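Take a look at the structure set out below.
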Amino acid sequence: MREKIAVLMGGRSLEREVSLASGKRVCEALEALGYYVLALDVTADLVATLRSERPAAAYIALHGKYGEDGTIQELLEFLGIPYTGPGVVASALTWDKSVAKHLFAENDIATPPWLTLTADAFKEMGAATAIDLMGEVVGGFPVAVKPSRQGSALGLAKCASEGELAEALLDALGYDTAAIVERWVDGTELAVSVLGDGDDLQVLPPVEIVPKSGLYDFSARYAEGETDFFVPARVSPEIATAAIELAERVHRVTDCRDVSRVDMIVDAEGVPWVLESNTSPGMTETSLLPMAAEAAGMSFQDVVSKVIRAALARA
Amino acid sequence: MGTARVVFDRWGDRYASRLAGVRSSAVRDLFAAASRPDMISFSGGMPEVSRVPAAAVAQAAHDAILHEGTTALQYGTSNGRPETRALIVELMAESGVRVSADDIIVTAGAQQGLDLLAKTFIDPGDVVICEGPTYVGALQAFSAYQPEIRCVPLDADGMRMDLLEEELKRLGPRGAKFIYTIPNFHNPGGVTMSAERRRRLLELSREYDIPVVEDDPYGRLRFEGGHIKSLRALDDEVIYLGTFSKIFAPGLRLGWLVAPRPILAKVLLVKQAADLCGSNFAQVTAERYFLGTRWRRVLQDLTRTYAERRDAMLAALDEHFPAEARWTRPEGGFFVWVELPPFVDTGALLAEAVEHGVTFVPGDGFFPDGRGKNCMRLAFCYADPSRIAEGVQRLAEVIEDRLELYRAFIAAGAIPAPEEGAA
């Protein structure tokens, strides 16, 4: 009998449309692999549908809040349905960029200096009176300002000077209750995808990202032709090796499994800095992980097959 | 029970490229459709059709079939029944616009008129001028034909003529295909174009040789203040769109288009391709509904109802909305337009509002270029006054939470305080 796989997608996340695009490709791949596929939108009927359909496993093609923050993972644990990707703790802590950066720093993984400020720190404690200190604390301008928990770079801004900070913070705090101010590192932007875990861990070739606007924000990510990609990345073999080793360490330190994508920047001295790790990387036509897999000689179907088999093995 | 199953579109790569410009936001639609039992909706501009006497409509429909069945059930003429056009002539005369039945095409709502005009006039890349914000259905109708849409900002007196003139100077004579305006009780702006601006608009239209399209769905829903002459009443080169949706019922899908004869001839060609002819049944039913005077009392009652709801919304906004918010005070129509401080993203706010049991339409949908993110449209037409008060209060709580942060930034001197009285 063919195993039944529920592919979870959509939902009320701001990345809904991206997720539907990922989900569609995942469904096609699973069908081609011979699974019986149930494409499910995350709506109020989800739990009832999962209970009556009793899938052998769930493939999480959700992006953003609820899909990457541990919510859906916790729910699937409760329902006893094995699922793809990292577990509850790994999801929750990588979803929160601030927590993840603390973890990186504690494990000697280079991450640009940053500070995190909650909306309450501004509302209740007057944090806005210290805007003049913020640039200095992270090592000077320019800085990146972004919500601590949000995907697809929504609410991301680059500030060249102190005068631009307040508005960028307000904007970022429209997406989350905490915002990060992080030193801007100029250099080569790399996305390094990791598959598997434990002894069966495979790091895919780094993908180099060159957004035409200079900022890899939401529109650069999803509008066609706004970004150039190079795979393998145009970096020296030493840097490529360092990036691959770093991605593996991040995957292990955050206790990820099946799949993750580590975003980093290589500075002028050739040092890679980790910005964040993603536990449900995009699987669309223009997404980074499928691009990297292809460079490694793996088809999209191979990736999906590997990921779903790992989940089924946990049943 | 519902189902969570997703149905994919297998034809994603087969659609015409012109559809790429027609915007829709899946997330917004989802939030807009989100319902819980006590959800208060300020989203849809839906007429209160429950006030339209069902018995009178039933009688009209009954008579249409029984007495004029062979006509009502048959194809009709592309420009609409002469009797319906005669009715429209009378209705327009009451609003001070003199037209003849031959200047009119009956359409499937004013929305079809927008589509037909767009199809008639717009080649890809042509410039079309609108108000900013403007009616989202117009943006949809136009953008399917791939124009470059320029918006001219509104203030309390309607489209800013100084800014329109600047735009026209840049574009030059005949530099745009038309200027689209909703002069009365603007959707979504709620404002009405002053008589002076109307005259100026027509001067500019003549000077730059660019026709004006006047969309007037709400003109007869005036709660107070004096009637302002229609653009078409002042200049018979104006293309005018009217509708039965607000004076009768949108379910009949009846509207009309008035235009200079040569334009009308082209539009008629386009309409024949679109639908051969409109619904004769709907037209005969409307003709019969508008016999006698009952419809006038119904319309008065409807207008009074909308006025009460407008009052309820403005009172609730005055009471509950924060000082940083600005809103329009419509003298008629369906909508209030609210402007919040610049970095409040009403799209992000909508998720929270839905959780609090109230919906609205985020402002950026009313602009072709991503502006209006800090604005929202509130429709007061479809909820009872007590529900309106409750809904505004719920919404105010959601906004207040965002503004607390904003105020903390101002208090710290991190951002400048807004100018007093700025709209």
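Following the order of the structure tokens, first chain is A, next is B, and so on, with residues numbered from 1 inside each chain and ligands from 1 in the order they appear.
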Leaving out Asp157 (chain B) and any residue of its chain fewer than 2 positions from it, which residues lie within 10 Å of it when counting only C-alpha atoms, given as a PyMOL selection string? chain B and resi 154-155+159-161+183+191-198
Would you give me, as a PDB file with C-alpha atoms, in the first residue's frame, the residues of chain A that come within 6 Å of chain B, using only C-alpha atoms?
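Heads up, here's the output in part17.pdb:
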ATOM      1  CA  ALA A  39      -2.289  18.588   0.139  1.00  0.00           C
ATOM      2  CA  LEU A  40      -3.521  20.443   3.217  1.00  0.00           C
ATOM      3  CA  ASP A  41      -3.950  24.123   3.894  1.00  0.00           C
ATOM      4  CA  THR A  43      -7.012  26.124   8.414  1.00  0.00           C
ATOM      5  CA  ASP A  45     -10.151  22.161   9.853  1.00  0.00           C
ATOM      6  CA  LEU A  46      -6.570  20.923   9.919  1.00  0.00           C
ATOM      7  CA  LYS A 123       6.839  51.400  25.471  1.00  0.00           C
ATOM      8  CA  ALA A 128      13.961  55.127  22.330  1.00  0.00           C
ATOM      9  CA  THR A 129      16.068  57.589  24.356  1.00  0.00           C
ATOM     10  CA  ALA A 166      13.857  55.071  14.550  1.00  0.00           C
ATOM     11  CA  ASP A 171       8.781  49.211  10.871  1.00  0.00           C
TER      12      ASP A 171
END
For each of B:Val106, B:Ile122, B:Ile399, B:Ala144, take the minimum atom-to-atom distance to Phe178 (chain B), counting only C-alpha atoms, then give the residue where this is smallest. B:Ile122
Let's see if you can do this: from backbone DSSP, list all strand (DSSP E or B) residues in region 128-326 of chain B, as a PDB file with N, CA and C atoms, in the first residue's frame.
ATOM      1  N   VAL B 128      -2.966  56.191 -17.683  1.00  0.00           N
ATOM      2  CA  VAL B 128      -4.321  56.464 -17.213  1.00  0.00           C
ATOM      3  C   VAL B 128      -4.173  57.205 -15.891  1.00  0.00           C
ATOM      4  N   ILE B 129      -4.963  58.248 -15.709  1.00  0.00           N
ATOM      5  CA  ILE B 129      -4.860  59.017 -14.464  1.00  0.00           C
ATOM      6  C   ILE B 129      -6.057  58.713 -13.572  1.00  0.00           C
ATOM      7  N   CYS B 130      -5.745  58.441 -12.278  1.00  0.00           N
ATOM      8  CA  CYS B 130      -6.777  58.141 -11.289  1.00  0.00           C
ATOM      9  C   CYS B 130      -6.551  59.014 -10.074  1.00  0.00           C
ATOM     10  N   GLU B 131      -7.499  58.954  -9.172  1.00  0.00           N
ATOM     11  CA  GLU B 131      -7.250  59.529  -7.868  1.00  0.00           C
ATOM     12  C   GLU B 131      -6.449  58.511  -7.051  1.00  0.00           C
ATOM     13  N   GLY B 132      -5.724  58.991  -6.083  1.00  0.00           N
ATOM     14  CA  GLY B 132      -5.013  58.092  -5.172  1.00  0.00           C
ATOM     15  C   GLY B 132      -5.393  58.462  -3.756  1.00  0.00           C
ATOM     16  N   GLU B 148      -0.065  52.249 -17.562  1.00  0.00           N
ATOM     17  CA  GLU B 148       0.723  52.817 -16.481  1.00  0.00           C
ATOM     18  C   GLU B 148      -0.234  53.742 -15.754  1.00  0.00           C
ATOM     19  N   ILE B 149      -0.531  53.428 -14.493  1.00  0.00           N
ATOM     20  CA  ILE B 149      -1.542  54.195 -13.762  1.00  0.00           C
ATOM     21  C   ILE B 149      -0.855  55.251 -12.897  1.00  0.00           C
ATOM     22  N   ARG B 150      -1.218  56.508 -13.118  1.00  0.00           N
ATOM     23  CA  ARG B 150      -0.697  57.590 -12.270  1.00  0.00           C
ATOM     24  C   ARG B 150      -1.806  58.039 -11.332  1.00  0.00           C
ATOM     25  N   CYS B 151      -1.502  58.183 -10.044  1.00  0.00           N
ATOM     26  CA  CYS B 151      -2.557  58.659  -9.145  1.00  0.00           C
ATOM     27  C   CYS B 151      -2.288  60.063  -8.669  1.00  0.00           C
ATOM     28  N   VAL B 152      -3.348  60.828  -8.614  1.00  0.00           N
ATOM     29  CA  VAL B 152      -3.305  62.197  -8.107  1.00  0.00           C
ATOM     30  C   VAL B 152      -3.960  62.199  -6.727  1.00  0.00           C
ATOM     31  N   PRO B 153      -3.246  62.691  -5.704  1.00  0.00           N
ATOM     32  CA  PRO B 153      -3.792  62.656  -4.340  1.00  0.00           C
ATOM     33  C   PRO B 153      -5.104  63.426  -4.181  1.00  0.00           C
ATOM     34  N   LEU B 154      -5.838  63.007  -3.156  1.00  0.00           N
ATOM     35  CA  LEU B 154      -7.114  63.628  -2.797  1.00  0.00           C
ATOM     36  C   LEU B 154      -6.916  64.476  -1.554  1.00  0.00           C
ATOM     37  N   ASP B 155      -7.765  65.492  -1.369  1.00  0.00           N
ATOM     38  CA  ASP B 155      -7.934  66.065  -0.037  1.00  0.00           C
ATOM     39  C   ASP B 155      -9.427  66.189   0.212  1.00  0.00           C
ATOM     40  N   GLY B 158     -11.641  66.656  -2.764  1.00  0.00           N
ATOM     41  CA  GLY B 158     -11.491  65.765  -3.907  1.00  0.00           C
ATOM     42  C   GLY B 158     -10.099  65.851  -4.530  1.00  0.00           C
ATOM     43  N   MET B 159     -10.016  65.429  -5.782  1.00  0.00           N
ATOM     44  CA  MET B 159      -8.720  65.357  -6.467  1.00  0.00           C
ATOM     45  C   MET B 159      -8.025  66.715  -6.456  1.00  0.00           C
ATOM     46  N   ILE B 179      -8.880  60.498 -17.623  1.00  0.00           N
ATOM     47  CA  ILE B 179      -8.751  60.822 -16.201  1.00  0.00           C
ATOM     48  C   ILE B 179      -9.974  60.233 -15.518  1.00  0.00           C
ATOM     49  N   TYR B 180      -9.732  59.284 -14.617  1.00  0.00           N
ATOM     50  CA  TYR B 180     -10.848  58.597 -13.949  1.00  0.00           C
ATOM     51  C   TYR B 180     -11.097  59.227 -12.582  1.00  0.00           C
ATOM     52  N   THR B 181     -12.329  59.596 -12.317  1.00  0.00           N
ATOM     53  CA  THR B 181     -12.635  60.210 -11.022  1.00  0.00           C
ATOM     54  C   THR B 181     -13.969  59.726 -10.473  1.00  0.00           C
ATOM     55  N   VAL B 212     -12.526  62.892 -19.460  1.00  0.00           N
ATOM     56  CA  VAL B 212     -12.762  62.573 -18.052  1.00  0.00           C
ATOM     57  C   VAL B 212     -13.779  61.433 -17.992  1.00  0.00           C
ATOM     58  N   VAL B 213     -13.501  60.450 -17.149  1.00  0.00           N
ATOM     59  CA  VAL B 213     -14.474  59.394 -16.863  1.00  0.00           C
ATOM     60  C   VAL B 213     -15.017  59.644 -15.458  1.00  0.00           C
ATOM     61  N   GLU B 214     -16.303  59.933 -15.382  1.00  0.00           N
ATOM     62  CA  GLU B 214     -16.945  60.243 -14.103  1.00  0.00           C
ATOM     63  C   GLU B 214     -17.704  59.006 -13.623  1.00  0.00           C
ATOM     64  N   ASP B 215     -17.262  58.438 -12.521  1.00  0.00           N
ATOM     65  CA  ASP B 215     -17.909  57.252 -11.959  1.00  0.00           C
ATOM     66  C   ASP B 215     -18.761  57.718 -10.786  1.00  0.00           C
ATOM     67  N   ARG B 222     -26.910  61.191  -0.839  1.00  0.00           N
ATOM     68  CA  ARG B 222     -26.400  62.355  -0.106  1.00  0.00           C
ATOM     69  C   ARG B 222     -27.178  62.503   1.197  1.00  0.00           C
ATOM     70  N   ILE B 239     -17.376  61.214 -20.019  1.00  0.00           N
ATOM     71  CA  ILE B 239     -17.913  59.853 -20.025  1.00  0.00           C
ATOM     72  C   ILE B 239     -18.426  59.579 -18.619  1.00  0.00           C
ATOM     73  N   TYR B 240     -19.669  59.132 -18.526  1.00  0.00           N
ATOM     74  CA  TYR B 240     -20.318  58.995 -17.220  1.00  0.00           C
ATOM     75  C   TYR B 240     -20.721  57.544 -16.983  1.00  0.00           C
ATOM     76  N   LEU B 241     -20.470  57.066 -15.761  1.00  0.00           N
ATOM     77  CA  LEU B 241     -20.877  55.711 -15.380  1.00  0.00           C
ATOM     78  C   LEU B 241     -21.889  55.787 -14.247  1.00  0.00           C
ATOM     79  N   GLY B 242     -23.041  55.177 -14.454  1.00  0.00           N
ATOM     80  CA  GLY B 242     -24.072  55.152 -13.412  1.00  0.00           C
ATOM     81  C   GLY B 242     -24.453  53.716 -13.091  1.00  0.00           C
ATOM     82  N   THR B 243     -25.214  53.546 -12.017  1.00  0.00           N
ATOM     83  CA  THR B 243     -25.577  52.190 -11.604  1.00  0.00           C
ATOM     84  C   THR B 243     -26.908  52.153 -10.868  1.00  0.00           C
ATOM     85  N   GLY B 255     -26.187  48.731 -14.796  1.00  0.00           N
ATOM     86  CA  GLY B 255     -25.550  50.029 -14.734  1.00  0.00           C
ATOM     87  C   GLY B 255     -25.647  50.651 -16.105  1.00  0.00           C
ATOM     88  N   TRP B 256     -25.011  51.799 -16.272  1.00  0.00           N
ATOM     89  CA  TRP B 256     -25.042  52.391 -17.601  1.00  0.00           C
ATOM     90  C   TRP B 256     -23.822  53.257 -17.849  1.00  0.00           C
ATOM     91  N   LEU B 257     -23.626  53.502 -19.115  1.00  0.00           N
ATOM     92  CA  LEU B 257     -22.493  54.299 -19.546  1.00  0.00           C
ATOM     93  C   LEU B 257     -23.010  55.359 -20.514  1.00  0.00           C
ATOM     94  N   VAL B 258     -22.621  56.605 -20.257  1.00  0.00           N
ATOM     95  CA  VAL B 258     -22.978  57.706 -21.144  1.00  0.00           C
ATOM     96  C   VAL B 258     -21.679  58.232 -21.747  1.00  0.00           C
ATOM     97  N   ARG B 326      -6.402  60.303  11.478  1.00  0.00           N
ATOM     98  CA  ARG B 326      -7.208  61.303  10.757  1.00  0.00           C
ATOM     99  C   ARG B 326      -8.221  60.556   9.911  1.00  0.00           C
TER     100      ARG B 326
END
Using only C-alpha atoms, which residues sit within 12 Å of Arg297 (chain B) once same-chain residues fewer than 6 positions away are excluded, as a PDB file with N, CA and C atoms, in the first residue's frame?
ATOM      1  N   ARG B  51     -33.582  46.313   2.970  1.00  0.00           N
ATOM      2  CA  ARG B  51     -34.559  47.411   3.013  1.00  0.00           C
ATOM      3  C   ARG B  51     -35.326  47.577   1.698  1.00  0.00           C
ATOM      4  N   VAL B  52     -34.880  46.856   0.670  1.00  0.00           N
ATOM      5  CA  VAL B  52     -35.602  46.923  -0.596  1.00  0.00           C
ATOM      6  C   VAL B  52     -36.803  45.987  -0.473  1.00  0.00           C
ATOM      7  N   PRO B  53     -38.027  46.491  -0.680  1.00  0.00           N
ATOM      8  CA  PRO B  53     -39.213  45.670  -0.418  1.00  0.00           C
ATOM      9  C   PRO B  53     -39.291  44.460  -1.352  1.00  0.00           C
ATOM     10  N   ILE B 247     -29.278  52.453  -5.906  1.00  0.00           N
ATOM     11  CA  ILE B 247     -30.633  53.009  -5.805  1.00  0.00           C
ATOM     12  C   ILE B 247     -31.695  51.909  -5.895  1.00  0.00           C
ATOM     13  N   PHE B 248     -31.289  50.717  -6.299  1.00  0.00           N
ATOM     14  CA  PHE B 248     -32.208  49.581  -6.346  1.00  0.00           C
ATOM     15  C   PHE B 248     -31.496  48.404  -5.675  1.00  0.00           C
ATOM     16  N   PHE B 290     -39.346  50.682 -11.092  1.00  0.00           N
ATOM     17  CA  PHE B 290     -39.266  52.145 -11.046  1.00  0.00           C
ATOM     18  C   PHE B 290     -40.556  52.834 -11.508  1.00  0.00           C
ATOM     19  N   THR B 303     -31.275  55.910   2.337  1.00  0.00           N
ATOM     20  CA  THR B 303     -30.328  57.006   2.546  1.00  0.00           C
ATOM     21  C   THR B 303     -30.308  57.411   4.019  1.00  0.00           C
ATOM     22  N   ARG B 304     -31.505  57.444   4.629  1.00  0.00           N
ATOM     23  CA  ARG B 304     -31.579  57.776   6.049  1.00  0.00           C
ATOM     24  C   ARG B 304     -30.834  56.724   6.880  1.00  0.00           C
TER      25      ARG B 304
END
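Taking CA of Glu136 (chain A) and CA of Glu189 (chain A) as the two end points, the separation is 23.8 Å.
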Which of region 118-266 of chain A fall in helix (DSSP H, G or I), as a ChimeraX atom specification: /A:119-125,127-137,162-172,218-222,237-253
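Taking CA of Arg252 (chain A) and CA of Phe104 (chain A) as the two end points, the separation is 11.0 Å.
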